[in-house]
Amino acid sequence: MRKEILKVGTMLLLAAGLSMSCSDNDEHETQQVRVLRNNGVFVLTSGNSETFAKGALSYYDYATQTASTLDSLITAGGVFLSRRTCDAVVYGSRLYVVVSTENTIYVRDVKSGRMLTSFSTTDLMGTSNGFAPRRITAAQGNVYVSTQAGYVAAIDTVGYQIVRTYQAGSFPEGISVTGSKLYVANSDDGRHQSPSISVIDLVTGTATTITHENIRHPQEVAAIGNAIYYLDLGTLDESGSRQSDNGVYRIEGDSIVKVVDATGMAVGNYTYKNETTVRIYTYNKPLGTDFAEYWYYDANTRETMYFTSIEDAEPAAIAVDPLSEEVFIAFNQVNRPSIWDPPVPDYTKGGFVNIYNVNGGTEKATFSCGIRPVVFAFYVGVKYVEV
């Protein structure tokens with residue numbers, strides 16, 4: 001979190017030519033503190049190519065507690081967001097959206113709603129290296145984009161030029177930056193031939209590749225303390241209808257163990273009585289099962305606890321607000337032909353998002369979004385508070 005910056009409000013009085021004695025007015029001086037605040041959250045949805053339903057970008061405003069669809073992004077550049085819309089992140093005052101089928105990153109001003117620009121990963125990285133961008137994160141003045149070709153590009157957020165290109169592994173998906181290290185989940189596209197986790201030094205470009213029998217189809221990755229945690233989708237049976245070995249795994253030294261069954265994960269802080277711990281919130285709905293489960297794993301105590309439950313919905317994305325620490329879970333609608341039949345996802349209807357309080361997993365609010373929600377991007381702004 002950024003350090004707070006103090007600004008002396010009495011400078012305005014001095015500029016107006018008012019004379020005052022320090023000894024007489026010190027107790028009446030005011031200061032303005034620059035603090036972070038929650039503005040809202042974007043929800044990216046991928047649509048349904050089978051029914052020609054377009055992907056969409058929804059925005060939920062915290063102040064008004066209302067959600068709206070931002071049509072200007074959907075038709076940006078003459079294209080619509082398809083099922084290959086993969087990821088999004090807010091960095092500063094800009095929203096970056098990855099559209100894999102277009103090899104393009106769209107850039108939008110989050111305050112005015114104006115489309116600023118777009119850039120092609122194949123133009124920047126070359127056709128072979130920049131093909132099919134997948135995931136995006138931001139840190140240290142750059143956005144980092146993974147591509148199916150096995151690379152991660154650091155792109156500056158001023159001129160949108162390549163700062164450096166890093167060699168990752170086979171079909172990289174989720175990426176994260178902690179300190180001077182870049183962590184990459186190399187999914188191998190689920191082929192189970194060369195999946196791995198890459199740890200890349202951002203300064204030297206040196207990469208350490210971690211392989212193990214428990215790394216099968218990694219999707220997300222995060223460094224917490226001295227350990228690395230990753231979400232693995234596991235394996236499918238021969239019919240492709242039943243999923244196993246899916247979960248969140250912990251890498252610590254030479255040890256890799258599963259800490260919780262999961263098909264989705266999000267990392268966030270949890271603060272209680274001025275003490276902050278790190279939690280991994282999860283949902284688990286593998287193929288071949290009828291209902292989802294929701295748990296969290298405490299990275300400090302290494303305990304797994306029940307979080308919440310919801311019936312007749314298909315979890316699709318999960319995230320944690322970095323300031324409020326509330327948990328956001330996006331769902332697909334489902335159909336249930338009869339009370340004896342299991343719920344079936346309905347990809348012809350728009351999804352919805354539930355907001356949960358971290359204490360007890362109670363639902364605080366809900367709002368609608370587009371078809372097949374993919375990812376959340378939180379818009380954290382600043383405000384000045386007099387103290």
# chains A, B, ... in the order shown; residues from 1 in each chain; ligands from 1
>>> select_by_dssp(residues="stretch 112-167 of chain A", states="helix (DSSP H, G or I)", output="PDB file with all heavy atoms, in the first residue's frame")
ATOM      1  N   THR A 121      -0.209  -7.094 -28.899  1.00  0.00           N
ATOM      2  CA  THR A 121       0.926  -7.832 -28.357  1.00  0.00           C
ATOM      3  C   THR A 121       1.781  -8.438 -29.474  1.00  0.00           C
ATOM      4  O   THR A 121       2.996  -8.589 -29.316  1.00  0.00           O
ATOM      5  CB  THR A 121       0.444  -8.943 -27.413  1.00  0.00           C
ATOM      6  OG1 THR A 121      -0.552  -9.741 -28.066  1.00  0.00           O
ATOM      7  CG2 THR A 121      -0.148  -8.351 -26.154  1.00  0.00           C
ATOM      8  N   THR A 122       1.176  -8.758 -30.600  1.00  0.00           N
ATOM      9  CA  THR A 122       1.978  -9.288 -31.709  1.00  0.00           C
ATOM     10  C   THR A 122       2.809  -8.192 -32.359  1.00  0.00           C
ATOM     11  O   THR A 122       3.924  -8.444 -32.832  1.00  0.00           O
ATOM     12  CB  THR A 122       1.078  -9.954 -32.760  1.00  0.00           C
ATOM     13  OG1 THR A 122       0.023  -9.058 -33.123  1.00  0.00           O
ATOM     14  CG2 THR A 122       0.481 -11.243 -32.226  1.00  0.00           C
ATOM     15  N   ASP A 123       2.297  -6.952 -32.383  1.00  0.00           N
ATOM     16  CA  ASP A 123       3.097  -5.837 -32.897  1.00  0.00           C
ATOM     17  C   ASP A 123       4.291  -5.552 -31.983  1.00  0.00           C
ATOM     18  O   ASP A 123       5.400  -5.284 -32.455  1.00  0.00           O
ATOM     19  CB  ASP A 123       2.245  -4.576 -33.027  1.00  0.00           C
ATOM     20  CG  ASP A 123       1.267  -4.645 -34.191  1.00  0.00           C
ATOM     21  OD1 ASP A 123       1.400  -5.557 -35.019  1.00  0.00           O
ATOM     22  OD2 ASP A 123       0.357  -3.796 -34.244  1.00  0.00           O
ATOM     23  N   LEU A 124       4.060  -5.630 -30.675  1.00  0.00           N
ATOM     24  CA  LEU A 124       5.114  -5.307 -29.726  1.00  0.00           C
ATOM     25  C   LEU A 124       6.128  -6.436 -29.571  1.00  0.00           C
ATOM     26  O   LEU A 124       7.328  -6.185 -29.459  1.00  0.00           O
ATOM     27  CB  LEU A 124       4.505  -4.980 -28.355  1.00  0.00           C
ATOM     28  CG  LEU A 124       3.716  -3.672 -28.230  1.00  0.00           C
ATOM     29  CD1 LEU A 124       3.134  -3.555 -26.837  1.00  0.00           C
ATOM     30  CD2 LEU A 124       4.594  -2.469 -28.530  1.00  0.00           C
ATOM     31  N   MET A 125       5.642  -7.667 -29.559  1.00  0.00           N
ATOM     32  CA  MET A 125       6.505  -8.799 -29.232  1.00  0.00           C
ATOM     33  C   MET A 125       6.868  -9.650 -30.439  1.00  0.00           C
ATOM     34  O   MET A 125       7.720 -10.537 -30.333  1.00  0.00           O
ATOM     35  CB  MET A 125       5.806  -9.697 -28.197  1.00  0.00           C
ATOM     36  CG  MET A 125       5.425  -8.985 -26.913  1.00  0.00           C
ATOM     37  SD  MET A 125       4.370 -10.012 -25.842  1.00  0.00           S
ATOM     38  CE  MET A 125       5.488 -11.360 -25.459  1.00  0.00           C
ATOM     39  N   THR A 127       4.953 -11.749 -33.955  1.00  0.00           N
ATOM     40  CA  THR A 127       3.821 -12.661 -34.136  1.00  0.00           C
ATOM     41  C   THR A 127       3.980 -13.946 -33.345  1.00  0.00           C
ATOM     42  O   THR A 127       3.030 -14.426 -32.708  1.00  0.00           O
ATOM     43  CB  THR A 127       3.642 -12.989 -35.622  1.00  0.00           C
ATOM     44  OG1 THR A 127       3.437 -11.774 -36.350  1.00  0.00           O
ATOM     45  CG2 THR A 127       2.454 -13.913 -35.835  1.00  0.00           C
ATOM     46  N   SER A 128       5.166 -14.516 -33.351  1.00  0.00           N
ATOM     47  CA  SER A 128       5.357 -15.804 -32.689  1.00  0.00           C
ATOM     48  C   SER A 128       5.364 -15.672 -31.165  1.00  0.00           C
ATOM     49  O   SER A 128       4.854 -16.554 -30.463  1.00  0.00           O
ATOM     50  CB  SER A 128       6.656 -16.460 -33.157  1.00  0.00           C
ATOM     51  OG  SER A 128       7.770 -15.623 -32.880  1.00  0.00           O
ATOM     52  N   ASN A 129       5.896 -14.574 -30.619  1.00  0.00           N
ATOM     53  CA  ASN A 129       5.986 -14.425 -29.166  1.00  0.00           C
ATOM     54  C   ASN A 129       4.749 -13.781 -28.550  1.00  0.00           C
ATOM     55  O   ASN A 129       4.418 -14.058 -27.394  1.00  0.00           O
ATOM     56  CB  ASN A 129       7.201 -13.585 -28.792  1.00  0.00           C
ATOM     57  CG  ASN A 129       8.503 -14.283 -29.077  1.00  0.00           C
ATOM     58  OD1 ASN A 129       8.527 -15.455 -29.444  1.00  0.00           O
ATOM     59  ND2 ASN A 129       9.609 -13.567 -28.932  1.00  0.00           N
ATOM     60  N   GLY A 130       4.058 -12.927 -29.303  1.00  0.00           N
ATOM     61  CA  GLY A 130       2.947 -12.168 -28.736  1.00  0.00           C
ATOM     62  C   GLY A 130       1.582 -12.739 -29.027  1.00  0.00           C
ATOM     63  O   GLY A 130       0.561 -12.137 -28.672  1.00  0.00           O
TER      64      GLY A 130
END
>>> select_by_dssp(residues="stretch 148-188 of chain A", states="strand (DSSP E or B)", output="PDB file with C-alpha atoms, in the first residue's frame")
ATOM      1  CA  TYR A 151       6.464 -15.379 -22.716  1.00  0.00           C
ATOM      2  CA  VAL A 152       5.638 -12.572 -20.306  1.00  0.00           C
ATOM      3  CA  ALA A 153       6.136  -9.002 -21.518  1.00  0.00           C
ATOM      4  CA  ALA A 154       6.740  -6.007 -19.251  1.00  0.00           C
ATOM      5  CA  ILE A 155       5.084  -3.028 -20.998  1.00  0.00           C
ATOM      6  CA  ASP A 156       5.463   0.503 -19.684  1.00  0.00           C
ATOM      7  CA  ILE A 162       8.250  -3.223 -24.345  1.00  0.00           C
ATOM      8  CA  VAL A 163      10.540  -2.837 -21.327  1.00  0.00           C
ATOM      9  CA  ARG A 164      11.601  -6.465 -21.275  1.00  0.00           C
ATOM     10  CA  THR A 165      10.394  -9.867 -22.402  1.00  0.00           C
ATOM     11  CA  TYR A 166      10.775 -12.849 -20.091  1.00  0.00           C
ATOM     12  CA  GLN A 167      10.841 -16.499 -21.110  1.00  0.00           C
ATOM     13  CA  PRO A 172       1.502 -19.525 -19.181  1.00  0.00           C
ATOM     14  CA  GLU A 173      -1.703 -18.433 -17.474  1.00  0.00           C
ATOM     15  CA  GLY A 174      -1.835 -16.644 -14.128  1.00  0.00           C
ATOM     16  CA  ILE A 175       0.985 -14.264 -13.222  1.00  0.00           C
ATOM     17  CA  SER A 176       1.844 -12.202 -10.158  1.00  0.00           C
ATOM     18  CA  VAL A 177       4.616  -9.859  -9.061  1.00  0.00           C
ATOM     19  CA  THR A 178       5.991  -9.758  -5.524  1.00  0.00           C
ATOM     20  CA  LYS A 181      10.108 -11.634  -8.566  1.00  0.00           C
ATOM     21  CA  LEU A 182       7.636 -12.596 -11.282  1.00  0.00           C
ATOM     22  CA  TYR A 183       5.644 -15.782 -10.676  1.00  0.00           C
ATOM     23  CA  VAL A 184       4.070 -17.625 -13.610  1.00  0.00           C
ATOM     24  CA  ALA A 185       1.678 -20.592 -13.693  1.00  0.00           C
ATOM     25  CA  ASN A 186       2.584 -22.524 -16.848  1.00  0.00           C
TER      26      ASN A 186
END
>>> residues_around(residues="stretch 335-337 of chain A", least_positions_apart="3", cutoff="10 Å", atoms="only C-alpha atoms", output="ChimeraX atom specification")
/A:312-313,340-347
>>> atom_distance(atom1="atom CA of A:Thr69", atom2="atom CA of A:Ala53")
14.1 Å
>>> residues_around(residues="A:Val110", least_positions_apart="5", cutoff="7 Å", atoms="only C-alpha atoms", output="NGL selection string")
:A and (93-95)
>>> write_last_selection(atoms="N, CA and C atoms", output="short mmCIF file (atom, residue, chain, number, x, y, z; two decimals), in the first residue's frame")
data_model
loop_
_atom_site.label_atom_id
_atom_site.label_comp_id
_atom_site.auth_asym_id
_atom_site.auth_seq_id
_atom_site.Cartn_x
_atom_site.Cartn_y
_atom_site.Cartn_z
N SER A 93 -5.20 5.18 -12.97
CA SER A 93 -6.51 5.62 -13.45
C SER A 93 -6.92 4.92 -14.74
N ARG A 94 -6.29 3.79 -15.04
CA ARG A 94 -6.57 3.12 -16.31
C ARG A 94 -6.96 1.66 -16.10
N LEU A 95 -7.87 1.23 -16.94
CA LEU A 95 -8.30 -0.16 -16.96
C LEU A 95 -7.73 -0.83 -18.20
#
>>> atom_distance(atom1="atom CA of A:Val199", atom2="atom CA of A:Asp87")
20.9 Å
>>> closest_residue(among="A:Ala299, A:Val43, A:Leu236, A:Val327", to="A:Thr276", atoms="only C-alpha atoms")
A:Ala299
